[in-house]
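Participant: Input entry.csv, format and content: CSV, C-alpha atoms and all ligand atoms.
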```csv
chain,number,residue,atom,x,y,z
A,1,MET,CA,-16.3,-3.3,-6.2
A,2,ASN,CA,-13.9,-0.6,-5.0
A,3,ILE,CA,-11.5,-1.5,-2.2
A,4,LEU,CA,-9.9,1.2,-0.1
A,5,THR,CA,-6.5,0.6,1.4
A,6,PHE,CA,-3.8,2.6,3.2
A,7,ASP,CA,-0.3,1.6,4.1
A,8,ILE,CA,0.7,3.0,7.5
A,9,GLU,CA,4.4,3.5,8.4
A,10,GLU,CA,5.0,7.2,8.2
A,11,TRP,CA,5.7,7.9,11.9
A,12,PHE,CA,8.3,5.1,12.1
A,13,LEU,CA,10.1,6.1,8.9
A,14,GLU,CA,10.1,9.8,9.8
A,15,GLN,CA,11.8,8.9,13.1
A,16,LYS,CA,14.2,6.5,11.6
A,17,LEU,CA,15.2,8.5,8.5
A,18,TYR,CA,14.9,12.1,9.7
A,19,GLY,CA,15.1,11.9,13.5
A,20,GLY,CA,11.4,12.9,13.9
A,21,ARG,CA,10.9,16.5,12.8
A,22,PRO,CA,8.1,17.9,14.9
A,23,GLN,CA,6.6,19.8,12.0
A,24,ARG,CA,6.5,16.6,9.9
A,25,PHE,CA,4.9,14.6,12.7
A,26,GLN,CA,2.3,17.3,12.9
A,27,GLN,CA,1.5,17.0,9.2
A,28,ILE,CA,1.3,13.2,9.5
A,29,ASP,CA,-1.0,13.4,12.6
A,30,ASP,CA,-3.2,15.9,10.8
A,31,VAL,CA,-3.7,14.0,7.6
A,32,PHE,CA,-4.3,10.8,9.5
A,33,ALA,CA,-7.0,12.5,11.6
A,34,ARG,CA,-8.6,14.0,8.6
A,35,VAL,CA,-8.6,10.6,6.8
A,36,LEU,CA,-10.3,8.9,9.7
A,37,GLU,CA,-12.8,11.8,10.0
A,38,ALA,CA,-13.6,11.7,6.2
A,39,LEU,CA,-14.2,7.9,6.3
A,40,ASP,CA,-16.4,8.2,9.4
A,41,ALA,CA,-18.4,10.9,7.7
A,42,LYS,CA,-19.2,8.7,4.8
A,43,GLY,CA,-19.5,5.5,6.8
A,44,ILE,CA,-16.7,3.9,4.8
A,45,LYS,CA,-14.5,1.1,6.2
A,46,GLY,CA,-11.1,0.4,4.7
A,47,THR,CA,-8.1,-1.8,5.2
A,48,PHE,CA,-5.0,-0.2,6.9
A,49,PHE,CA,-1.9,-2.2,6.3
A,50,CYS,CA,0.3,-1.2,9.2
A,51,ILE,CA,3.9,-2.1,9.9
A,52,GLY,CA,4.4,-4.0,13.2
A,53,ARG,CA,6.6,-1.1,14.5
A,54,MET,CA,3.6,1.2,14.4
A,55,ALA,CA,2.0,-1.1,17.0
A,56,THR,CA,5.1,-1.2,19.2
A,57,ASP,CA,6.1,2.4,18.8
A,58,TYR,CA,2.9,4.3,18.0
A,59,PRO,CA,0.2,2.0,19.4
A,60,GLN,CA,-2.4,4.9,19.6
A,61,VAL,CA,-2.4,5.0,15.7
A,62,VAL,CA,-3.2,1.3,15.3
A,63,ARG,CA,-5.7,1.4,18.1
A,64,GLN,CA,-7.5,4.3,16.5
A,65,ILE,CA,-7.7,2.5,13.2
A,66,ALA,CA,-9.3,-0.5,14.9
A,67,GLU,CA,-11.6,1.6,17.1
A,68,HIS,CA,-13.0,3.3,14.0
A,69,GLY,CA,-14.0,-0.1,12.7
A,70,HIS,CA,-11.4,-0.5,10.0
A,71,GLU,CA,-9.5,-3.7,9.1
A,72,VAL,CA,-5.9,-3.8,10.3
A,73,GLY,CA,-3.6,-5.6,7.9
A,74,CYS,CA,0.1,-6.3,7.9
A,75,HIS,CA,2.7,-4.2,5.9
A,76,SER,CA,5.8,-6.1,7.3
A,77,HIS,CA,7.4,-5.3,10.6
A,78,GLU,CA,9.8,-2.5,9.7
A,79,HIS,CA,9.0,-1.8,6.0
A,80,THR,CA,11.9,-4.0,4.8
A,81,TRP,CA,11.3,-4.9,1.2
A,82,LEU,CA,10.8,-8.6,0.6
A,83,ASN,CA,13.6,-8.8,-1.9
A,84,LYS,CA,15.9,-8.1,1.1
A,85,MET,CA,14.6,-11.2,3.0
A,86,ASP,CA,15.0,-14.9,2.7
A,87,ALA,CA,12.1,-17.3,3.6
A,88,HIS,CA,13.3,-17.6,7.2
A,89,THR,CA,13.6,-13.8,7.7
A,90,LEU,CA,10.2,-13.2,6.1
A,91,ARG,CA,8.6,-15.7,8.4
A,92,GLU,CA,10.2,-14.1,11.5
A,93,ASP,CA,9.3,-10.6,10.3
A,94,THR,CA,5.7,-11.5,9.6
A,95,MET,CA,5.1,-13.4,12.8
A,96,THR,CA,6.6,-10.5,14.8
A,97,ALA,CA,4.4,-7.9,13.0
A,98,ILE,CA,1.2,-9.9,13.2
A,99,LYS,CA,1.7,-10.5,17.0
A,100,ALA,CA,2.4,-6.8,17.6
A,101,LEU,CA,-0.6,-5.6,15.5
A,102,GLU,CA,-3.1,-8.2,16.9
A,103,ASP,CA,-2.1,-7.3,20.5
A,104,VAL,CA,-2.9,-3.6,19.9
A,105,ALA,CA,-5.7,-3.8,17.4
A,106,GLY,CA,-7.6,-6.6,19.2
A,107,GLN,CA,-8.5,-8.2,15.8
A,108,GLN,CA,-7.1,-11.1,13.9
A,109,VAL,CA,-4.7,-10.0,11.1
A,110,VAL,CA,-5.1,-12.0,7.9
A,111,SER,CA,-4.5,-9.4,5.2
A,112,TYR,CA,-1.1,-8.4,3.9
A,113,ARG,CA,0.7,-5.9,1.6
A,114,ALA,CA,4.4,-6.1,1.0
A,115,PRO,CA,6.3,-2.8,1.2
A,116,ALA,CA,6.8,-1.4,-2.3
A,117,PHE,CA,4.8,-4.2,-3.8
A,118,SER,CA,7.9,-6.4,-3.4
A,119,ILE,CA,6.3,-9.8,-4.2
A,120,THR,CA,7.7,-10.4,-7.6
A,121,HIS,CA,8.6,-13.3,-9.9
A,122,GLU,CA,11.8,-13.5,-7.9
A,123,ASN,CA,10.2,-14.5,-4.6
A,124,PRO,CA,7.0,-16.5,-5.3
A,125,TRP,CA,7.9,-18.5,-2.1
A,126,ALA,CA,6.6,-15.5,-0.2
A,127,VAL,CA,3.1,-16.9,-0.7
A,128,GLU,CA,4.0,-20.1,1.1
A,129,VAL,CA,5.6,-18.2,4.0
A,130,LEU,CA,2.8,-15.7,4.4
A,131,ALA,CA,0.2,-18.5,4.3
A,132,ALA,CA,2.1,-20.4,7.0
A,133,CYS,CA,2.0,-17.2,9.2
A,134,GLY,CA,-1.8,-17.1,9.0
A,135,ILE,CA,-2.2,-14.6,6.2
A,136,ARG,CA,-5.2,-15.4,3.9
A,137,ASN,CA,-5.5,-12.3,1.7
A,138,ASP,CA,-2.9,-10.3,-0.1
A,139,ALA,CA,-2.6,-7.1,-2.1
A,140,SER,CA,1.1,-7.1,-3.0
A,141,ILE,CA,0.9,-7.8,-6.7
A,142,PHE,CA,1.5,-4.8,-8.9
A,143,PRO,CA,0.9,-6.5,-12.3
A,144,THR,CA,3.0,-4.3,-14.5
A,145,SER,CA,6.5,-2.8,-14.4
A,146,ARG,CA,7.4,-0.1,-11.8
A,147,ALA,CA,10.6,1.5,-10.5
A,148,TYR,CA,11.0,-1.3,-8.1
A,149,GLY,CA,8.8,-4.3,-7.5
A,150,GLY,CA,6.1,-5.1,-9.9
A,151,TYR,CA,5.1,-8.5,-11.2
A,152,GLN,CA,5.4,-7.7,-14.9
A,153,HIS,CA,3.9,-10.8,-16.4
A,154,PHE,CA,1.2,-11.4,-13.9
A,155,PRO,CA,-1.8,-12.3,-16.1
A,156,GLN,CA,-4.6,-10.3,-14.6
A,157,ASP,CA,-5.6,-7.3,-12.5
A,158,LYS,CA,-8.7,-8.6,-10.8
A,159,PRO,CA,-9.2,-10.9,-7.8
A,160,CYS,CA,-7.8,-14.4,-8.0
A,161,THR,CA,-6.2,-17.1,-6.0
A,162,ILE,CA,-2.4,-17.3,-6.1
A,163,GLY,CA,-0.6,-20.5,-5.3
A,164,TYR,CA,2.9,-21.8,-4.6
A,165,HIS,CA,3.7,-25.4,-3.6
A,166,GLY,CA,0.2,-26.0,-2.4
A,167,ALA,CA,-0.1,-22.8,-0.3
A,168,THR,CA,-2.7,-20.3,-1.5
A,169,LEU,CA,-3.7,-16.7,-0.9
A,170,ARG,CA,-6.6,-14.7,-2.1
A,171,GLU,CA,-5.0,-12.0,-4.2
A,172,PHE,CA,-6.3,-8.5,-4.9
A,173,PRO,CA,-3.8,-7.1,-7.5
A,174,ILE,CA,-3.5,-3.4,-8.2
A,175,SER,CA,-6.0,-2.5,-10.9
A,176,LEU,CA,-4.6,-0.9,-14.1
A,177,THR,CA,-5.7,1.1,-17.0
A,178,THR,CA,-4.2,1.7,-20.4
A,179,VAL,CA,-2.9,5.1,-21.5
A,180,LEU,CA,-1.1,5.5,-24.8
A,181,GLY,CA,-0.6,1.8,-25.0
A,182,LYS,CA,1.0,1.5,-21.6
A,183,ARG,CA,-0.5,-0.2,-18.6
A,184,ILE,CA,-0.5,2.1,-15.6
A,185,ALA,CA,-2.0,2.3,-12.2
A,186,TYR,CA,-4.5,5.1,-11.5
A,187,SER,CA,-5.9,4.5,-8.1
A,188,GLY,CA,-3.1,5.3,-5.7
A,189,GLY,CA,0.5,6.5,-5.1
A,190,GLY,CA,2.1,8.9,-7.5
A,191,TYR,CA,-0.4,8.0,-10.3
A,192,PHE,CA,-3.3,9.2,-8.2
A,193,ARG,CA,-1.4,12.5,-7.4
A,194,LEU,CA,-0.6,13.0,-11.0
A,195,LEU,CA,-3.9,12.1,-12.7
A,196,PRO,CA,-6.9,14.5,-12.7
A,197,TYR,CA,-9.9,13.6,-10.6
A,198,TRP,CA,-12.2,13.1,-13.6
A,199,PHE,CA,-9.9,10.5,-15.1
A,200,VAL,CA,-9.6,8.5,-11.9
A,201,SER,CA,-13.4,8.7,-11.2
A,202,ARG,CA,-14.3,7.7,-14.8
A,203,THR,CA,-11.8,4.8,-14.7
A,204,LEU,CA,-13.3,3.6,-11.4
A,205,ASP,CA,-16.8,3.7,-12.9
A,206,ARG,CA,-15.8,1.7,-16.0
A,207,ARG,CA,-14.3,-1.2,-14.1
A,208,ASP,CA,-16.0,-3.9,-11.9
A,209,TYR,CA,-12.9,-4.0,-9.7
A,210,ASN,CA,-10.7,-1.2,-8.4
A,211,ILE,CA,-8.3,-1.1,-5.5
A,212,CYS,CA,-7.2,2.2,-4.2
A,213,TYR,CA,-3.9,2.4,-2.2
A,214,PHE,CA,-2.4,5.3,-0.4
A,215,HIS,CA,0.4,6.2,1.9
A,216,LEU,CA,-0.4,9.1,4.1
A,217,VAL,CA,2.5,11.1,2.5
A,218,ASP,CA,0.7,10.8,-0.8
A,219,LEU,CA,-2.1,13.0,0.8
A,220,ILE,CA,0.1,15.6,2.4
A,221,SER,CA,0.2,18.7,0.2
A,222,GLY,CA,3.3,20.8,-0.3
A,223,LYS,CA,6.6,20.2,-1.9
A,224,ILE,CA,8.7,17.2,-1.0
A,225,LYS,CA,12.4,18.1,-1.0
A,226,LEU,CA,15.1,16.4,-3.0
A,227,LYS,CA,16.5,13.5,-0.9
A,228,SER,CA,20.3,13.3,-0.2
A,229,ARG,CA,22.0,10.3,-1.6
A,230,LYS,CA,22.0,8.6,1.8
A,231,GLU,CA,18.3,9.4,2.5
A,232,TYR,CA,17.4,8.1,-0.9
A,233,GLU,CA,19.3,4.8,-0.5
A,234,ASP,CA,18.0,4.2,3.0
A,235,TYR,CA,14.4,4.8,1.8
A,236,PHE,CA,14.3,3.2,-1.7
A,237,HIS,CA,17.1,0.6,-1.4
A,238,GLU,CA,18.4,1.6,-4.9
A,239,PRO,CA,21.4,3.6,-6.0
A,240,GLY,CA,20.9,7.3,-5.1
A,241,THR,CA,22.3,8.7,-8.3
A,242,LEU,CA,21.4,12.2,-9.1
A,243,LYS,CA,19.2,11.0,-12.0
A,244,ASN,CA,17.3,8.5,-9.8
A,245,ARG,CA,16.8,11.2,-7.1
A,246,LEU,CA,15.6,13.7,-9.6
A,247,VAL,CA,13.1,11.3,-11.2
A,248,ARG,CA,11.6,10.4,-7.8
A,249,TYR,CA,11.6,14.1,-6.8
A,250,ALA,CA,9.7,15.0,-10.0
A,251,LYS,CA,7.3,12.2,-9.5
A,252,ALA,CA,6.7,13.0,-5.8
A,253,ASN,CA,6.0,16.6,-6.7
A,254,ALA,CA,4.0,16.1,-9.8
A,255,THR,CA,0.7,16.6,-8.1
A,256,SER,CA,-1.9,18.5,-10.0
A,257,GLY,CA,-3.8,19.8,-7.1
A,258,ASP,CA,-4.6,18.5,-3.7
A,259,ALA,CA,-4.5,14.7,-3.4
A,260,TYR,CA,-6.4,14.7,-0.1
A,261,GLY,CA,-9.2,16.8,-1.7
A,262,LYS,CA,-9.4,14.3,-4.6
A,263,LEU,CA,-9.7,11.4,-2.2
A,264,VAL,CA,-12.5,13.1,-0.2
A,265,LYS,CA,-14.3,13.8,-3.5
A,266,LEU,CA,-14.0,10.1,-4.5
A,267,LEU,CA,-15.3,9.0,-1.1
A,268,SER,CA,-18.4,11.2,-1.8
A,269,THR,CA,-19.1,9.8,-5.2
A,270,HIS,CA,-18.1,6.1,-5.0
A,271,SER,CA,-18.7,3.3,-2.5
A,272,PHE,CA,-15.7,1.5,-1.0
A,273,VAL,CA,-15.2,-1.6,1.1
A,274,SER,CA,-12.3,-3.1,3.1
A,275,MET,CA,-10.4,-6.1,1.8
A,276,ALA,CA,-12.1,-8.3,4.5
A,277,GLU,CA,-15.5,-7.2,3.1
A,278,ALA,CA,-14.2,-7.7,-0.5
A,279,VAL,CA,-13.3,-11.3,0.3
A,280,LYS,CA,-16.9,-11.9,1.3
A,281,GLN,CA,-18.3,-10.1,-1.8
A,282,THR,CA,-16.2,-12.1,-4.2
A,283,ASP,CA,-17.5,-15.3,-5.7
A,284,TRP,CA,-14.3,-17.3,-5.5
A,285,SER,CA,-15.7,-20.2,-7.5
A,286,LYS,CA,-15.6,-17.8,-10.6
A,287,THR,CA,-12.1,-16.6,-10.1
A,288,ASN,CA,-8.8,-17.9,-11.6
A,289,THR,CA,-6.1,-19.7,-9.7
A,290,ILE,CA,-2.7,-18.6,-10.7
A,291,GLU,CA,0.4,-20.7,-9.8
A,292,LEU,CA,3.4,-18.5,-9.2
B,1,ZN,ZN,4.7,1.2,2.7
```
Any chance you could put this one into structure tokens?
Ligand SMILES: [Zn+2]
Facilitator:
Amino acid sequence: MNILTFDIEEWFLEQKLYGGRPQRFQQIDDVFARVLEALDAKGIKGTFFCIGRMATDYPQVVRQIAEHGHEVGCHSHEHTWLNKMDAHTLREDTMTAIKALEDVAGQQVVSYRAPAFSITHENPWAVEVLAACGIRNDASIFPTSRAYGGYQHFPQDKPCTIGYHGATLREFPISLTTVLGKRIAYSGGGYFRLLPYWFVSRTLDRRDYNICYFHLVDLISGKIKLKSRKEYEDYFHEPGTLKNRLVRYAKANATSGDAYGKLVKLLSTHSFVSMAEAVKQTDWSKTNTIEL
């Protein structure tokens, strides 16, 4: 089973962080249109985790996703990382986002991905809050270490139920592979940009469960410039030292070829489903329950 997911926030962040550069908006519009077109051509439905502000500020984007038959999930209201929120704030944020998204998409929103995979061992209570908001399915667990976020000791990278104080969510953790003894992701973000197509394709073939995850910026070709300290800290919520900025810069630009082209090739050679469909295809009686 291969799940296809996108996190949708670029228009909002472009406006907030850079004042809305016309050329950048054009690039985002273009790649979004091309993604929808490619999925239509293959008859593939995915899950698009949108921030609530996309529904309030750019409703045409959320509407198009729904009209093309994809699942609209929630990616927080304003892309605030969950480690910056307490339970009360997360509840308000999630309810606001779900309401905004449902109003525009015309579908019930029950799937969630935290910005920057920010459900970690430090905030397991998020499960209880999200479940209380009506969320049933989650794809926020990144079961190894990463620059920020990551649930380092999470015991598995396949579907399971996660529980906290009696509340549960169906979890679709990021799938991992081992390279030189290190557990790494391969099916999204910087890893997807970095790894060659054959490696990603072969890894997908070898595993029963894969979840692909993209932000639209991952799929825009061309150099990404070095962020200023302020831009970096606004975006990543971590100290914008020169070292940190250079590492992110190198990662962002470490693309061996065209990521959009790689995605289109994968869509031609593999089948994909949305998270809603994956919930139906999973035999939950055979999966583990993991208490956080
Ligand atoms: Zn995001």
Participant: Return as JSON, numbers by chain the residues of protein, DNA or RNA that approach ligand ZN 1 (chain B) to within 12 Å, with only C-alpha atoms and all ligand atoms taken into account.
Facilitator: {"A": [5, 6, 7, 8, 9, 10, 11, 12, 13, 48, 49, 50, 51, 52, 54, 73, 74, 75, 76, 77, 78, 79, 80, 81, 82, 112, 113, 114, 115, 116, 117, 118, 140, 189, 213, 214, 215, 216, 217, 218, 235, 236]}
Participant: From the set A:Ala167, A:Ile211, A:Ala97, A:Leu195, which residue has the shortest atom-to-atom contact distance to Met275 in chain A, counting only C-alpha atoms?
Facilitator: A:Ile211
Participant: I want to know what sits within 7 Å of Tyr197 in chain A, based on all atoms listed in the file, with residues of the same chain fewer than 3 positions away left out; could you give that as an MDAnalysis selection string?
Facilitator: chainID A and resid 200:201 262
Participant: Between CA of Asn137 in chain A and CA of Val110 in chain A, measure the distance and give it in Å to one decimal.
Facilitator: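 About the pair CA of Asn137 in chain A and CA of Val110 in chain A: they are 6.2 Å apart.
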Participant: As a list of chain:residue names, please: the residues near range 170-184 of chain A (cut-off 6 Å, only C-alpha atoms, same-chain neighbours under 6 positions excluded).
Facilitator: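 The filter keeps A:Asn137, A:Asp138, A:Ala139, A:Ile141, A:Phe142, A:Asp157, A:Pro159, A:Cys160, A:Thr161, A:Asn210, A:Ile211.
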Participant: For Gly106 in chain A, which residue among A:Gln64, A:Thr120, A:Ser271, A:Asn83 is the nearest when counting all atoms listed in the file?
Facilitator: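 Of A:Gln64, A:Thr120, A:Ser271, A:Asn83, the one nearest Gly106 in chain A is A:Gln64, counting all atoms listed in the file.
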Participant: As a PDB file, keeping the file's coordinate frame, please: range 160-180 of chain A completed to N, CA, C and O atoms.
Facilitator:
```pdb
ATOM      1  N   CYS A 160      -8.088 -12.994  -7.635  1.00  0.00           N
ATOM      2  CA  CYS A 160      -7.800 -14.400  -8.000  1.00  0.00           C
ATOM      3  C   CYS A 160      -7.161 -15.070  -6.824  1.00  0.00           C
ATOM      4  O   CYS A 160      -6.962 -14.455  -5.778  1.00  0.00           O
ATOM      5  N   THR A 161      -6.897 -16.346  -6.993  1.00  0.00           N
ATOM      6  CA  THR A 161      -6.200 -17.100  -6.000  1.00  0.00           C
ATOM      7  C   THR A 161      -4.757 -17.291  -6.484  1.00  0.00           C
ATOM      8  O   THR A 161      -4.589 -17.670  -7.647  1.00  0.00           O
ATOM      9  N   ILE A 162      -3.750 -17.004  -5.658  1.00  0.00           N
ATOM     10  CA  ILE A 162      -2.400 -17.300  -6.100  1.00  0.00           C
ATOM     11  C   ILE A 162      -1.868 -18.476  -5.271  1.00  0.00           C
ATOM     12  O   ILE A 162      -2.186 -18.612  -4.084  1.00  0.00           O
ATOM     13  N   GLY A 163      -1.112 -19.334  -5.932  1.00  0.00           N
ATOM     14  CA  GLY A 163      -0.600 -20.500  -5.300  1.00  0.00           C
ATOM     15  C   GLY A 163       0.842 -20.752  -5.459  1.00  0.00           C
ATOM     16  O   GLY A 163       1.433 -20.323  -6.458  1.00  0.00           O
ATOM     17  N   TYR A 164       1.439 -21.382  -4.462  1.00  0.00           N
ATOM     18  CA  TYR A 164       2.900 -21.800  -4.600  1.00  0.00           C
ATOM     19  C   TYR A 164       3.063 -22.999  -3.693  1.00  0.00           C
ATOM     20  O   TYR A 164       2.816 -22.932  -2.481  1.00  0.00           O
ATOM     21  N   HIS A 165       3.448 -24.109  -4.307  1.00  0.00           N
ATOM     22  CA  HIS A 165       3.700 -25.400  -3.600  1.00  0.00           C
ATOM     23  C   HIS A 165       2.546 -25.747  -2.655  1.00  0.00           C
ATOM     24  O   HIS A 165       2.765 -26.123  -1.502  1.00  0.00           O
ATOM     25  N   GLY A 166       1.334 -25.595  -3.156  1.00  0.00           N
ATOM     26  CA  GLY A 166       0.200 -26.000  -2.400  1.00  0.00           C
ATOM     27  C   GLY A 166      -0.395 -24.980  -1.445  1.00  0.00           C
ATOM     28  O   GLY A 166      -1.518 -25.111  -0.966  1.00  0.00           O
ATOM     29  N   ALA A 167       0.370 -23.927  -1.166  1.00  0.00           N
ATOM     30  CA  ALA A 167      -0.100 -22.800  -0.300  1.00  0.00           C
ATOM     31  C   ALA A 167      -0.884 -21.847  -1.214  1.00  0.00           C
ATOM     32  O   ALA A 167      -0.493 -21.638  -2.362  1.00  0.00           O
ATOM     33  N   THR A 168      -1.949 -21.243  -0.686  1.00  0.00           N
ATOM     34  CA  THR A 168      -2.700 -20.300  -1.500  1.00  0.00           C
ATOM     35  C   THR A 168      -3.021 -19.020  -0.701  1.00  0.00           C
ATOM     36  O   THR A 168      -3.120 -19.045   0.528  1.00  0.00           O
ATOM     37  N   LEU A 169      -3.194 -17.925  -1.432  1.00  0.00           N
ATOM     38  CA  LEU A 169      -3.700 -16.700  -0.900  1.00  0.00           C
ATOM     39  C   LEU A 169      -4.737 -16.114  -1.807  1.00  0.00           C
ATOM     40  O   LEU A 169      -4.654 -16.304  -3.021  1.00  0.00           O
ATOM     41  N   ARG A 170      -5.713 -15.400  -1.250  1.00  0.00           N
ATOM     42  CA  ARG A 170      -6.600 -14.700  -2.100  1.00  0.00           C
ATOM     43  C   ARG A 170      -5.945 -13.346  -2.467  1.00  0.00           C
ATOM     44  O   ARG A 170      -5.546 -12.590  -1.574  1.00  0.00           O
ATOM     45  N   GLU A 171      -5.821 -13.118  -3.760  1.00  0.00           N
ATOM     46  CA  GLU A 171      -5.000 -12.000  -4.200  1.00  0.00           C
ATOM     47  C   GLU A 171      -5.920 -10.869  -4.776  1.00  0.00           C
ATOM     48  O   GLU A 171      -6.824 -11.136  -5.572  1.00  0.00           O
ATOM     49  N   PHE A 172      -5.630  -9.649  -4.353  1.00  0.00           N
ATOM     50  CA  PHE A 172      -6.300  -8.500  -4.900  1.00  0.00           C
ATOM     51  C   PHE A 172      -5.207  -7.613  -5.564  1.00  0.00           C
ATOM     52  O   PHE A 172      -4.628  -6.732  -4.916  1.00  0.00           O
ATOM     53  N   PRO A 173      -4.916  -7.870  -6.844  1.00  0.00           N
ATOM     54  CA  PRO A 173      -3.800  -7.100  -7.500  1.00  0.00           C
ATOM     55  C   PRO A 173      -4.214  -5.668  -7.700  1.00  0.00           C
ATOM     56  O   PRO A 173      -5.401  -5.337  -7.731  1.00  0.00           O
ATOM     57  N   ILE A 174      -3.217  -4.840  -7.861  1.00  0.00           N
ATOM     58  CA  ILE A 174      -3.500  -3.400  -8.200  1.00  0.00           C
ATOM     59  C   ILE A 174      -4.177  -3.380  -9.555  1.00  0.00           C
ATOM     60  O   ILE A 174      -3.778  -4.071 -10.495  1.00  0.00           O
ATOM     61  N   SER A 175      -5.230  -2.580  -9.629  1.00  0.00           N
ATOM     62  CA  SER A 175      -6.000  -2.500 -10.900  1.00  0.00           C
ATOM     63  C   SER A 175      -5.285  -1.452 -11.799  1.00  0.00           C
ATOM     64  O   SER A 175      -4.716  -0.461 -11.337  1.00  0.00           O
ATOM     65  N   LEU A 176      -5.344  -1.729 -13.086  1.00  0.00           N
ATOM     66  CA  LEU A 176      -4.600  -0.900 -14.100  1.00  0.00           C
ATOM     67  C   LEU A 176      -5.527  -0.401 -15.158  1.00  0.00           C
ATOM     68  O   LEU A 176      -6.615  -0.925 -15.373  1.00  0.00           O
ATOM     69  N   THR A 177      -5.048   0.613 -15.849  1.00  0.00           N
ATOM     70  CA  THR A 177      -5.700   1.100 -17.000  1.00  0.00           C
ATOM     71  C   THR A 177      -4.688   1.303 -18.125  1.00  0.00           C
ATOM     72  O   THR A 177      -3.489   1.257 -17.850  1.00  0.00           O
ATOM     73  N   THR A 178      -5.134   1.508 -19.349  1.00  0.00           N
ATOM     74  CA  THR A 178      -4.200   1.700 -20.400  1.00  0.00           C
ATOM     75  C   THR A 178      -4.199   3.123 -20.915  1.00  0.00           C
ATOM     76  O   THR A 178      -5.255   3.668 -21.221  1.00  0.00           O
ATOM     77  N   VAL A 179      -3.021   3.734 -20.938  1.00  0.00           N
ATOM     78  CA  VAL A 179      -2.900   5.100 -21.500  1.00  0.00           C
ATOM     79  C   VAL A 179      -1.773   5.077 -22.491  1.00  0.00           C
ATOM     80  O   VAL A 179      -0.650   4.663 -22.185  1.00  0.00           O
ATOM     81  N   LEU A 180      -2.110   5.482 -23.708  1.00  0.00           N
ATOM     82  CA  LEU A 180      -1.100   5.500 -24.800  1.00  0.00           C
ATOM     83  C   LEU A 180      -0.424   4.155 -24.939  1.00  0.00           C
ATOM     84  O   LEU A 180       0.787   4.087 -25.112  1.00  0.00           O
TER      85      LEU A 180
END
```
